[in-house]
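Asker: Next up, data30.cif (mmCIF, N, CA and C atoms).
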data_final
#
loop_
_atom_site.label_atom_id
_atom_site.label_comp_id
_atom_site.auth_asym_id
_atom_site.auth_seq_id
_atom_site.Cartn_x
_atom_site.Cartn_y
_atom_site.Cartn_z
N VAL A 6 60.39 -11.55 29.54
CA VAL A 6 60.10 -12.36 28.37
C VAL A 6 61.14 -12.13 27.28
N MET A 7 61.66 -10.93 27.23
CA MET A 7 62.65 -10.62 26.20
C MET A 7 63.98 -11.33 26.44
N LEU A 8 64.19 -11.93 27.59
CA LEU A 8 65.41 -12.71 27.82
C LEU A 8 65.42 -14.01 27.03
N PHE A 9 64.26 -14.45 26.56
CA PHE A 9 64.23 -15.65 25.74
C PHE A 9 64.95 -15.43 24.41
N VAL A 10 64.88 -14.21 23.88
CA VAL A 10 65.51 -13.91 22.60
C VAL A 10 67.04 -14.08 22.68
N PRO A 11 67.73 -13.47 23.68
CA PRO A 11 69.17 -13.72 23.73
C PRO A 11 69.52 -15.18 23.99
N ALA A 12 68.69 -15.88 24.74
CA ALA A 12 68.96 -17.31 24.97
C ALA A 12 68.93 -18.08 23.66
N ILE A 13 67.93 -17.81 22.84
CA ILE A 13 67.85 -18.48 21.53
C ILE A 13 69.04 -18.09 20.67
N ALA A 14 69.42 -16.81 20.72
CA ALA A 14 70.56 -16.34 19.92
C ALA A 14 71.85 -17.02 20.37
N ILE A 15 72.03 -17.17 21.67
CA ILE A 15 73.24 -17.84 22.19
C ILE A 15 73.28 -19.28 21.73
N PHE A 16 72.14 -19.96 21.76
CA PHE A 16 72.09 -21.35 21.29
C PHE A 16 72.35 -21.42 19.79
N ALA A 17 71.94 -20.41 19.04
CA ALA A 17 72.09 -20.43 17.58
C ALA A 17 73.52 -20.14 17.14
N VAL A 18 74.28 -19.43 17.96
CA VAL A 18 75.64 -19.03 17.58
C VAL A 18 76.57 -20.24 17.44
N GLY A 19 76.44 -21.19 18.31
CA GLY A 19 77.32 -22.35 18.24
C GLY A 19 76.77 -23.49 19.07
N ASP A 20 77.42 -24.64 18.92
CA ASP A 20 76.95 -25.81 19.65
C ASP A 20 77.98 -26.32 20.66
N GLY A 21 78.87 -25.43 21.08
CA GLY A 21 79.87 -25.80 22.07
C GLY A 21 79.29 -25.81 23.47
N ILE A 22 80.06 -26.35 24.38
CA ILE A 22 79.61 -26.46 25.77
C ILE A 22 79.43 -25.08 26.41
N ASP A 23 80.29 -24.11 26.02
CA ASP A 23 80.15 -22.76 26.56
C ASP A 23 78.82 -22.14 26.14
N ASN A 24 78.45 -22.31 24.89
CA ASN A 24 77.17 -21.79 24.41
C ASN A 24 76.01 -22.45 25.18
N PHE A 25 76.16 -23.73 25.40
CA PHE A 25 75.10 -24.45 26.12
C PHE A 25 74.93 -23.91 27.53
N TRP A 26 76.03 -23.78 28.28
CA TRP A 26 75.94 -23.32 29.67
C TRP A 26 75.42 -21.89 29.76
N ILE A 27 75.95 -21.00 28.93
CA ILE A 27 75.51 -19.60 28.97
C ILE A 27 74.05 -19.50 28.52
N GLY A 28 73.71 -20.22 27.45
CA GLY A 28 72.33 -20.22 26.97
C GLY A 28 71.35 -20.75 28.01
N MET A 29 71.74 -21.82 28.69
CA MET A 29 70.87 -22.38 29.73
C MET A 29 70.72 -21.44 30.91
N PHE A 30 71.80 -20.71 31.24
CA PHE A 30 71.72 -19.73 32.32
C PHE A 30 70.73 -18.62 31.96
N VAL A 31 70.86 -18.06 30.77
CA VAL A 31 69.96 -16.99 30.33
C VAL A 31 68.52 -17.52 30.21
N LEU A 32 68.37 -18.73 29.70
CA LEU A 32 67.04 -19.34 29.60
C LEU A 32 66.42 -19.53 30.98
N GLY A 33 67.23 -19.94 31.96
CA GLY A 33 66.74 -20.08 33.32
C GLY A 33 66.29 -18.76 33.92
N LEU A 34 67.07 -17.70 33.66
CA LEU A 34 66.66 -16.36 34.11
C LEU A 34 65.32 -15.97 33.49
N ALA A 35 65.20 -16.19 32.18
CA ALA A 35 63.96 -15.83 31.48
C ALA A 35 62.78 -16.61 32.06
N TRP A 36 62.96 -17.90 32.28
CA TRP A 36 61.89 -18.72 32.84
C TRP A 36 61.48 -18.22 34.23
N ASN A 37 62.45 -17.95 35.07
CA ASN A 37 62.15 -17.51 36.43
C ASN A 37 61.46 -16.15 36.47
N PHE A 38 61.94 -15.20 35.67
CA PHE A 38 61.28 -13.90 35.62
C PHE A 38 59.85 -14.02 35.08
N THR A 39 59.67 -14.84 34.06
CA THR A 39 58.34 -15.02 33.49
C THR A 39 57.40 -15.70 34.47
N PHE A 40 57.88 -16.74 35.14
CA PHE A 40 57.05 -17.46 36.10
C PHE A 40 56.66 -16.56 37.27
N THR A 41 57.62 -15.81 37.80
CA THR A 41 57.34 -14.93 38.93
C THR A 41 56.35 -13.83 38.54
N ALA A 42 56.57 -13.20 37.40
CA ALA A 42 55.68 -12.13 36.96
C ALA A 42 54.27 -12.64 36.70
N SER A 43 54.16 -13.81 36.08
CA SER A 43 52.82 -14.34 35.80
C SER A 43 52.10 -14.72 37.07
N THR A 44 52.81 -15.21 38.07
CA THR A 44 52.18 -15.56 39.34
C THR A 44 51.68 -14.31 40.05
N VAL A 45 52.46 -13.24 40.01
CA VAL A 45 52.03 -11.98 40.62
C VAL A 45 50.81 -11.42 39.88
N MET A 46 50.85 -11.47 38.56
CA MET A 46 49.70 -10.98 37.78
C MET A 46 48.45 -11.80 38.06
N LEU A 47 48.61 -13.10 38.18
CA LEU A 47 47.47 -13.96 38.45
C LEU A 47 46.87 -13.63 39.81
N ALA A 48 47.71 -13.38 40.79
CA ALA A 48 47.23 -13.10 42.14
C ALA A 48 46.40 -11.83 42.21
N SER A 49 46.57 -10.94 41.27
CA SER A 49 45.79 -9.70 41.29
C SER A 49 44.54 -9.77 40.41
N ASN A 50 44.22 -10.94 39.87
CA ASN A 50 43.11 -11.03 38.93
C ASN A 50 42.05 -12.07 39.27
N TYR A 51 41.98 -12.50 40.49
CA TYR A 51 40.89 -13.39 40.85
C TYR A 51 40.20 -12.84 42.10
N ARG A 52 38.96 -13.33 42.29
CA ARG A 52 38.18 -12.85 43.43
C ARG A 52 38.63 -13.49 44.73
N GLU A 53 38.30 -12.84 45.81
CA GLU A 53 38.65 -13.36 47.13
C GLU A 53 37.98 -14.72 47.34
N GLY A 54 38.71 -15.63 47.89
CA GLY A 54 38.19 -16.97 48.13
C GLY A 54 38.51 -17.95 47.02
N GLU A 55 38.98 -17.47 45.87
CA GLU A 55 39.32 -18.34 44.74
C GLU A 55 40.80 -18.61 44.65
N GLY A 56 41.59 -18.00 45.52
CA GLY A 56 43.04 -18.02 45.41
C GLY A 56 43.67 -19.38 45.31
N GLU A 57 43.34 -20.26 46.23
CA GLU A 57 44.01 -21.57 46.25
C GLU A 57 43.67 -22.38 45.00
N ARG A 58 42.40 -22.37 44.62
CA ARG A 58 41.99 -23.16 43.46
C ARG A 58 42.60 -22.61 42.16
N VAL A 59 42.53 -21.31 41.98
CA VAL A 59 43.08 -20.70 40.77
C VAL A 59 44.59 -20.91 40.70
N GLN A 60 45.29 -20.70 41.80
CA GLN A 60 46.73 -20.89 41.82
C GLN A 60 47.09 -22.35 41.56
N GLY A 61 46.32 -23.27 42.12
CA GLY A 61 46.57 -24.69 41.89
C GLY A 61 46.38 -25.08 40.43
N ILE A 62 45.31 -24.59 39.82
CA ILE A 62 45.07 -24.88 38.40
C ILE A 62 46.18 -24.27 37.55
N ASN A 63 46.56 -23.05 37.87
CA ASN A 63 47.64 -22.39 37.13
C ASN A 63 48.95 -23.17 37.24
N ASP A 64 49.31 -23.58 38.44
CA ASP A 64 50.54 -24.35 38.63
C ASP A 64 50.48 -25.68 37.90
N PHE A 65 49.32 -26.33 37.93
CA PHE A 65 49.18 -27.61 37.22
C PHE A 65 49.40 -27.42 35.72
N ILE A 66 48.77 -26.40 35.14
CA ILE A 66 48.92 -26.15 33.71
C ILE A 66 50.38 -25.85 33.36
N ILE A 67 51.02 -25.00 34.15
CA ILE A 67 52.41 -24.63 33.86
C ILE A 67 53.33 -25.84 33.96
N PHE A 68 53.24 -26.59 35.05
CA PHE A 68 54.18 -27.69 35.24
C PHE A 68 53.85 -28.90 34.37
N PHE A 69 52.58 -29.10 34.04
CA PHE A 69 52.22 -30.15 33.09
C PHE A 69 52.78 -29.82 31.71
N SER A 70 52.63 -28.56 31.31
CA SER A 70 53.16 -28.13 30.01
C SER A 70 54.68 -28.24 29.99
N ALA A 71 55.33 -27.84 31.07
CA ALA A 71 56.79 -27.93 31.14
C ALA A 71 57.24 -29.39 31.08
N GLY A 72 56.50 -30.28 31.73
CA GLY A 72 56.84 -31.71 31.68
C GLY A 72 56.68 -32.28 30.28
N ILE A 73 55.59 -31.95 29.62
CA ILE A 73 55.38 -32.42 28.25
C ILE A 73 56.49 -31.89 27.34
N ALA A 74 56.84 -30.60 27.50
CA ALA A 74 57.90 -30.01 26.67
C ALA A 74 59.23 -30.69 26.94
N ALA A 75 59.52 -30.98 28.19
CA ALA A 75 60.80 -31.61 28.53
C ALA A 75 60.89 -33.02 27.96
N PHE A 76 59.81 -33.78 28.07
CA PHE A 76 59.85 -35.15 27.57
C PHE A 76 59.81 -35.22 26.05
N SER A 77 59.14 -34.27 25.41
CA SER A 77 59.04 -34.31 23.96
C SER A 77 60.23 -33.64 23.26
N SER A 78 60.99 -32.82 23.98
CA SER A 78 62.08 -32.10 23.35
C SER A 78 63.18 -33.04 22.82
N GLY A 79 63.45 -34.11 23.53
CA GLY A 79 64.45 -35.06 23.06
C GLY A 79 64.04 -35.71 21.75
N TYR A 80 62.79 -36.12 21.67
CA TYR A 80 62.28 -36.70 20.42
C TYR A 80 62.32 -35.67 19.30
N PHE A 81 61.88 -34.45 19.61
CA PHE A 81 61.84 -33.38 18.63
C PHE A 81 63.25 -33.09 18.10
N TYR A 82 64.23 -33.04 19.00
CA TYR A 82 65.62 -32.82 18.60
C TYR A 82 66.14 -33.97 17.76
N ASP A 83 65.88 -35.19 18.19
CA ASP A 83 66.38 -36.37 17.48
C ASP A 83 65.77 -36.48 16.09
N TYR A 84 64.48 -36.17 15.97
CA TYR A 84 63.78 -36.35 14.70
C TYR A 84 64.01 -35.19 13.75
N PHE A 85 64.01 -33.95 14.26
CA PHE A 85 64.08 -32.78 13.39
C PHE A 85 65.43 -32.05 13.41
N GLY A 86 66.18 -32.16 14.49
CA GLY A 86 67.49 -31.50 14.57
C GLY A 86 67.45 -30.20 15.37
N TRP A 87 68.66 -29.70 15.66
CA TRP A 87 68.83 -28.53 16.51
C TRP A 87 68.25 -27.27 15.89
N THR A 88 68.43 -27.10 14.59
CA THR A 88 67.92 -25.91 13.91
C THR A 88 66.40 -25.84 14.01
N ALA A 89 65.74 -26.96 13.88
CA ALA A 89 64.29 -26.98 13.99
C ALA A 89 63.84 -26.63 15.41
N VAL A 90 64.59 -27.10 16.40
CA VAL A 90 64.27 -26.76 17.79
C VAL A 90 64.36 -25.26 17.99
N LEU A 91 65.42 -24.63 17.48
CA LEU A 91 65.58 -23.19 17.61
C LEU A 91 64.51 -22.42 16.84
N LEU A 92 64.15 -22.90 15.66
CA LEU A 92 63.08 -22.25 14.89
C LEU A 92 61.75 -22.36 15.62
N PHE A 93 61.48 -23.51 16.20
CA PHE A 93 60.25 -23.69 16.96
C PHE A 93 60.22 -22.76 18.17
N ALA A 94 61.35 -22.67 18.88
CA ALA A 94 61.44 -21.77 20.03
C ALA A 94 61.25 -20.32 19.60
N SER A 95 61.83 -19.95 18.47
CA SER A 95 61.66 -18.58 17.96
C SER A 95 60.20 -18.31 17.62
N GLY A 96 59.54 -19.28 17.02
CA GLY A 96 58.12 -19.12 16.72
C GLY A 96 57.27 -18.97 17.98
N CYS A 97 57.59 -19.77 18.98
CA CYS A 97 56.88 -19.65 20.26
C CYS A 97 57.10 -18.27 20.87
N GLU A 98 58.32 -17.75 20.77
CA GLU A 98 58.62 -16.42 21.30
C GLU A 98 57.84 -15.34 20.56
N LEU A 99 57.73 -15.47 19.25
CA LEU A 99 56.95 -14.49 18.47
C LEU A 99 55.48 -14.53 18.85
N VAL A 100 54.94 -15.72 19.02
CA VAL A 100 53.54 -15.85 19.43
C VAL A 100 53.34 -15.24 20.82
N LEU A 101 54.25 -15.54 21.73
CA LEU A 101 54.17 -14.99 23.08
C LEU A 101 54.26 -13.47 23.07
N ALA A 102 55.18 -12.92 22.29
CA ALA A 102 55.31 -11.46 22.18
C ALA A 102 54.04 -10.85 21.60
N GLY A 103 53.44 -11.50 20.62
CA GLY A 103 52.19 -11.01 20.04
C GLY A 103 51.05 -11.02 21.04
N LEU A 104 50.97 -12.08 21.84
CA LEU A 104 49.92 -12.16 22.86
C LEU A 104 50.11 -11.09 23.93
N ILE A 105 51.35 -10.87 24.32
CA ILE A 105 51.62 -9.83 25.32
C ILE A 105 51.27 -8.45 24.77
N PHE A 106 51.63 -8.20 23.52
CA PHE A 106 51.31 -6.91 22.91
C PHE A 106 49.80 -6.73 22.81
N ALA A 107 49.07 -7.78 22.41
CA ALA A 107 47.61 -7.68 22.31
C ALA A 107 46.98 -7.42 23.68
N ALA A 108 47.47 -8.11 24.70
CA ALA A 108 46.93 -7.90 26.05
C ALA A 108 47.25 -6.50 26.55
N TRP A 109 48.45 -6.02 26.27
CA TRP A 109 48.86 -4.68 26.68
C TRP A 109 47.99 -3.63 25.99
N THR A 110 47.73 -3.81 24.69
CA THR A 110 46.89 -2.87 23.95
C THR A 110 45.47 -2.86 24.50
N ARG A 111 44.91 -4.04 24.77
CA ARG A 111 43.55 -4.11 25.33
C ARG A 111 43.50 -3.46 26.69
N ARG A 112 44.53 -3.65 27.48
CA ARG A 112 44.56 -3.05 28.82
C ARG A 112 44.62 -1.53 28.73
N GLU A 113 45.43 -1.01 27.80
CA GLU A 113 45.50 0.44 27.61
C GLU A 113 44.14 1.00 27.18
N GLU A 114 43.46 0.29 26.27
CA GLU A 114 42.14 0.73 25.82
C GLU A 114 41.14 0.68 26.96
N ALA A 115 41.20 -0.36 27.78
CA ALA A 115 40.28 -0.48 28.91
C ALA A 115 40.54 0.62 29.94
N ASP A 116 41.81 0.93 30.20
CA ASP A 116 42.14 2.00 31.13
C ASP A 116 41.64 3.35 30.60
N ALA A 117 41.81 3.59 29.30
CA ALA A 117 41.33 4.84 28.71
C ALA A 117 39.82 4.93 28.79
N GLN A 118 39.13 3.83 28.53
CA GLN A 118 37.67 3.81 28.61
C GLN A 118 37.20 4.04 30.03
N GLN A 119 37.89 3.47 30.99
CA GLN A 119 37.53 3.66 32.39
C GLN A 119 37.72 5.11 32.81
N LEU A 120 38.79 5.73 32.33
CA LEU A 120 39.00 7.15 32.63
C LEU A 120 37.88 8.01 32.07
N LEU A 121 37.42 7.67 30.85
CA LEU A 121 36.34 8.44 30.24
C LEU A 121 35.02 8.27 30.97
N THR A 122 34.73 7.05 31.40
CA THR A 122 33.43 6.81 32.05
C THR A 122 33.39 7.30 33.48
N HIS A 123 34.54 7.50 34.10
CA HIS A 123 34.57 7.97 35.48
C HIS A 123 35.03 9.42 35.61
N ALA A 124 35.12 10.11 34.48
CA ALA A 124 35.51 11.52 34.52
C ALA A 124 34.35 12.34 35.07
N PRO A 125 34.62 13.43 35.75
CA PRO A 125 33.54 14.26 36.29
C PRO A 125 32.71 14.87 35.16
N SER A 126 31.42 14.97 35.40
CA SER A 126 30.53 15.57 34.41
C SER A 126 30.59 17.09 34.53
N ALA A 127 29.81 17.78 33.71
CA ALA A 127 29.79 19.24 33.73
C ALA A 127 29.36 19.77 35.09
N SER A 128 28.50 19.03 35.78
CA SER A 128 28.05 19.47 37.10
C SER A 128 29.08 19.13 38.18
N GLY A 129 30.11 18.34 37.80
CA GLY A 129 31.15 18.00 38.76
C GLY A 129 30.83 16.78 39.59
N HIS A 130 29.73 16.08 39.29
CA HIS A 130 29.33 14.92 40.08
C HIS A 130 29.22 13.69 39.18
N GLY A 131 30.04 12.69 39.43
CA GLY A 131 29.87 11.40 38.79
C GLY A 131 30.39 11.31 37.37
N ALA A 132 29.86 10.35 36.63
CA ALA A 132 30.34 10.03 35.30
C ALA A 132 29.77 10.98 34.25
N ILE A 133 30.31 10.91 33.07
CA ILE A 133 29.84 11.73 31.96
C ILE A 133 28.43 11.29 31.60
N GLU A 134 27.58 12.24 31.39
CA GLU A 134 26.20 11.93 31.04
C GLU A 134 26.13 11.68 29.55
N THR A 135 25.53 10.56 29.17
CA THR A 135 25.41 10.21 27.75
C THR A 135 23.96 10.32 27.33
N PRO A 136 23.69 10.92 26.17
CA PRO A 136 22.31 11.02 25.70
C PRO A 136 21.80 9.66 25.28
N GLU A 137 20.52 9.44 25.50
CA GLU A 137 19.93 8.14 25.14
C GLU A 137 19.17 8.22 23.86
#
Take the structure in this file and express it as structure tokens.
Answerer:
Amino acid sequence: VMLFVPAIAIFAVGDGIDNFWIGMFVLGLAWNFTFTASTVMLASNYREGEGERVQGINDFIIFFSAGIAAFSSGYFYDYFGWTAVLLFASGCELVLAGLIFAAWTRREEADAQQLLTHAPSASGHGAIETPE
């Protein structure tokens, strides 16, 4: 996900063809790494028997969103300009980074809670006994 930041920076540095090609290359890397990682994460988070349906819904959402973004980007660029496109992309990156950080924090808290609830008790058997 952090590859999106250098892509935006490359696009912001200049508007020459070299910036475009290098920026698009880095953006393509970022997209591919993000798509692959999210697909792997998704595959580990659904129940058995739900795989095809969940993966299909996920792919539909991703490619529908990508299609809408591709078709609307030309209008957005024409109406607001290149600087606005870069600012919008930067805002999306900040929101994405915030969501990842929030999910990572919740996961760390859940892992810590799971360790506490499954720690051996004083007798050495099972979870910690809690008074009622």
Asker: Any chance you could work out the residue set of the PyMOL selection byres (((chain A and resi 20-32 and name CA) around 12) and name CA) here, as a list of chain:residue names?
Answerer: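 The output of the PyMOL selection byres (((chain A and resi 20-32 and name CA) around 12) and name CA) on this file is A:Val6, A:Met7, A:Leu8, A:Phe9, A:Val10, A:Pro11, A:Ala12, A:Ile13, A:Ala14, A:Ile15, A:Phe16, A:Ala17, A:Val18, A:Gly19, A:Gly33, A:Leu34, A:Ala35, A:Trp36, A:Asn37, A:Phe38, A:Thr39, A:Trp87, A:Thr88, A:Leu91, A:Ala94.
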Asker: When DSSP works through the backbone of this structure, what residues of chain A end up as alpha helix (DSSP H), shown as a VMD selection string?
Answerer: chain A and resid 9 to 18 22 to 48 56 to 85 87 to 122
Asker: Enter the distance from atom CA of Val45 of chain A to atom CA of Val59 of chain A, in Å, rounded to one decimal.
Answerer: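 A separation of 12.5 Å between them.
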Asker: Would you work out the distance separating atom N of Leu47 of chain A from atom C of Gln60 of chain A, expressed in Å to one decimal?
Answerer: 10.0 Å
Asker: What gap, in Å, lies between atom CA of Ala48 of chain A and atom C of Ile67 of chain A?
Answerer: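 Here the two named atoms are 16.3 Å from each other.
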Asker: Using all atoms of segment 75-85 of chain A listed in the file and a margin of 3 Å per side, can you give the axis-aligned box centre and edge lengths in Å to one decimal, as JSON?
Answerer:
{"center_x": 62.7, "center_y": -33.8, "center_z": 21.0, "size_x": 13.3, "size_y": 11.7, "size_z": 21.1}
Asker: Rebuild segment 28-39 of chain A so that it carries all heavy atoms, then output the result as a PDB file, in the coordinates of the input.
Answerer:
ATOM      1  N   GLY A  28      73.710 -20.220  27.450  1.00  0.00           N
ATOM      2  CA  GLY A  28      72.330 -20.220  26.970  1.00  0.00           C
ATOM      3  C   GLY A  28      71.350 -20.750  28.010  1.00  0.00           C
ATOM      4  O   GLY A  28      70.261 -20.198  28.202  1.00  0.00           O
ATOM      5  N   MET A  29      71.740 -21.820  28.690  1.00  0.00           N
ATOM      6  CA  MET A  29      70.870 -22.380  29.730  1.00  0.00           C
ATOM      7  C   MET A  29      70.720 -21.440  30.910  1.00  0.00           C
ATOM      8  O   MET A  29      69.644 -21.333  31.510  1.00  0.00           O
ATOM      9  CB  MET A  29      71.396 -23.744  30.199  1.00  0.00           C
ATOM     10  CG  MET A  29      71.237 -24.833  29.157  1.00  0.00           C
ATOM     11  SD  MET A  29      69.540 -25.075  28.602  1.00  0.00           S
ATOM     12  CE  MET A  29      68.821 -25.833  30.032  1.00  0.00           C
ATOM     13  N   PHE A  30      71.800 -20.710  31.240  1.00  0.00           N
ATOM     14  CA  PHE A  30      71.720 -19.730  32.320  1.00  0.00           C
ATOM     15  C   PHE A  30      70.730 -18.620  31.960  1.00  0.00           C
ATOM     16  O   PHE A  30      69.863 -18.268  32.764  1.00  0.00           O
ATOM     17  CB  PHE A  30      73.114 -19.150  32.601  1.00  0.00           C
ATOM     18  CG  PHE A  30      73.100 -18.080  33.656  1.00  0.00           C
ATOM     19  CD1 PHE A  30      73.004 -18.421  34.994  1.00  0.00           C
ATOM     20  CD2 PHE A  30      73.160 -16.740  33.317  1.00  0.00           C
ATOM     21  CE1 PHE A  30      72.979 -17.437  35.985  1.00  0.00           C
ATOM     22  CE2 PHE A  30      73.134 -15.755  34.286  1.00  0.00           C
ATOM     23  CZ  PHE A  30      73.047 -16.096  35.623  1.00  0.00           C
ATOM     24  N   VAL A  31      70.860 -18.060  30.770  1.00  0.00           N
ATOM     25  CA  VAL A  31      69.960 -16.990  30.330  1.00  0.00           C
ATOM     26  C   VAL A  31      68.520 -17.520  30.210  1.00  0.00           C
ATOM     27  O   VAL A  31      67.562 -16.837  30.585  1.00  0.00           O
ATOM     28  CB  VAL A  31      70.453 -16.367  29.007  1.00  0.00           C
ATOM     29  CG1 VAL A  31      69.475 -15.340  28.479  1.00  0.00           C
ATOM     30  CG2 VAL A  31      71.823 -15.753  29.197  1.00  0.00           C
ATOM     31  N   LEU A  32      68.370 -18.730  29.700  1.00  0.00           N
ATOM     32  CA  LEU A  32      67.040 -19.340  29.600  1.00  0.00           C
ATOM     33  C   LEU A  32      66.420 -19.530  30.980  1.00  0.00           C
ATOM     34  O   LEU A  32      65.228 -19.278  31.181  1.00  0.00           O
ATOM     35  CB  LEU A  32      67.135 -20.678  28.870  1.00  0.00           C
ATOM     36  CG  LEU A  32      65.825 -21.402  28.608  1.00  0.00           C
ATOM     37  CD1 LEU A  32      64.955 -20.597  27.659  1.00  0.00           C
ATOM     38  CD2 LEU A  32      66.105 -22.776  28.026  1.00  0.00           C
ATOM     39  N   GLY A  33      67.230 -19.940  31.960  1.00  0.00           N
ATOM     40  CA  GLY A  33      66.740 -20.080  33.320  1.00  0.00           C
ATOM     41  C   GLY A  33      66.290 -18.760  33.920  1.00  0.00           C
ATOM     42  O   GLY A  33      65.260 -18.679  34.592  1.00  0.00           O
ATOM     43  N   LEU A  34      67.070 -17.700  33.660  1.00  0.00           N
ATOM     44  CA  LEU A  34      66.660 -16.360  34.110  1.00  0.00           C
ATOM     45  C   LEU A  34      65.320 -15.970  33.490  1.00  0.00           C
ATOM     46  O   LEU A  34      64.425 -15.465  34.171  1.00  0.00           O
ATOM     47  CB  LEU A  34      67.713 -15.326  33.745  1.00  0.00           C
ATOM     48  CG  LEU A  34      68.950 -15.236  34.611  1.00  0.00           C
ATOM     49  CD1 LEU A  34      69.919 -14.214  34.033  1.00  0.00           C
ATOM     50  CD2 LEU A  34      68.589 -14.865  36.033  1.00  0.00           C
ATOM     51  N   ALA A  35      65.200 -16.190  32.180  1.00  0.00           N
ATOM     52  CA  ALA A  35      63.960 -15.830  31.480  1.00  0.00           C
ATOM     53  C   ALA A  35      62.780 -16.610  32.060  1.00  0.00           C
ATOM     54  O   ALA A  35      61.702 -16.036  32.295  1.00  0.00           O
ATOM     55  CB  ALA A  35      64.101 -16.112  29.987  1.00  0.00           C
ATOM     56  N   TRP A  36      62.960 -17.900  32.280  1.00  0.00           N
ATOM     57  CA  TRP A  36      61.890 -18.720  32.840  1.00  0.00           C
ATOM     58  C   TRP A  36      61.480 -18.220  34.230  1.00  0.00           C
ATOM     59  O   TRP A  36      60.301 -18.073  34.522  1.00  0.00           O
ATOM     60  CB  TRP A  36      62.334 -20.180  32.908  1.00  0.00           C
ATOM     61  CG  TRP A  36      61.434 -21.027  33.740  1.00  0.00           C
ATOM     62  CD1 TRP A  36      61.648 -21.439  35.018  1.00  0.00           C
ATOM     63  CD2 TRP A  36      60.153 -21.542  33.376  1.00  0.00           C
ATOM     64  NE1 TRP A  36      60.593 -22.183  35.468  1.00  0.00           N
ATOM     65  CE2 TRP A  36      59.650 -22.257  34.480  1.00  0.00           C
ATOM     66  CE3 TRP A  36      59.380 -21.467  32.228  1.00  0.00           C
ATOM     67  CZ2 TRP A  36      58.415 -22.894  34.461  1.00  0.00           C
ATOM     68  CZ3 TRP A  36      58.147 -22.102  32.211  1.00  0.00           C
ATOM     69  CH2 TRP A  36      57.684 -22.800  33.318  1.00  0.00           C
ATOM     70  N   ASN A  37      62.450 -17.950  35.070  1.00  0.00           N
ATOM     71  CA  ASN A  37      62.150 -17.510  36.430  1.00  0.00           C
ATOM     72  C   ASN A  37      61.460 -16.150  36.470  1.00  0.00           C
ATOM     73  O   ASN A  37      60.496 -15.968  37.223  1.00  0.00           O
ATOM     74  CB  ASN A  37      63.414 -17.504  37.293  1.00  0.00           C
ATOM     75  CG  ASN A  37      63.824 -18.900  37.674  1.00  0.00           C
ATOM     76  OD1 ASN A  37      63.006 -19.696  38.107  1.00  0.00           O
ATOM     77  ND2 ASN A  37      65.086 -19.211  37.490  1.00  0.00           N
ATOM     78  N   PHE A  38      61.940 -15.200  35.670  1.00  0.00           N
ATOM     79  CA  PHE A  38      61.280 -13.900  35.620  1.00  0.00           C
ATOM     80  C   PHE A  38      59.850 -14.020  35.080  1.00  0.00           C
ATOM     81  O   PHE A  38      58.927 -13.396  35.599  1.00  0.00           O
ATOM     82  CB  PHE A  38      62.071 -12.911  34.765  1.00  0.00           C
ATOM     83  CG  PHE A  38      63.286 -12.349  35.452  1.00  0.00           C
ATOM     84  CD1 PHE A  38      64.490 -12.263  34.786  1.00  0.00           C
ATOM     85  CD2 PHE A  38      63.231 -11.906  36.761  1.00  0.00           C
ATOM     86  CE1 PHE A  38      65.613 -11.743  35.404  1.00  0.00           C
ATOM     87  CE2 PHE A  38      64.350 -11.382  37.395  1.00  0.00           C
ATOM     88  CZ  PHE A  38      65.539 -11.305  36.706  1.00  0.00           C
ATOM     89  N   THR A  39      59.670 -14.840  34.060  1.00  0.00           N
ATOM     90  CA  THR A  39      58.340 -15.020  33.490  1.00  0.00           C
ATOM     91  C   THR A  39      57.400 -15.700  34.470  1.00  0.00           C
ATOM     92  O   THR A  39      56.253 -15.281  34.646  1.00  0.00           O
ATOM     93  CB  THR A  39      58.438 -15.851  32.188  1.00  0.00           C
ATOM     94  OG1 THR A  39      59.327 -15.204  31.292  1.00  0.00           O
ATOM     95  CG2 THR A  39      57.082 -16.003  31.528  1.00  0.00           C
TER      96      THR A  39
END
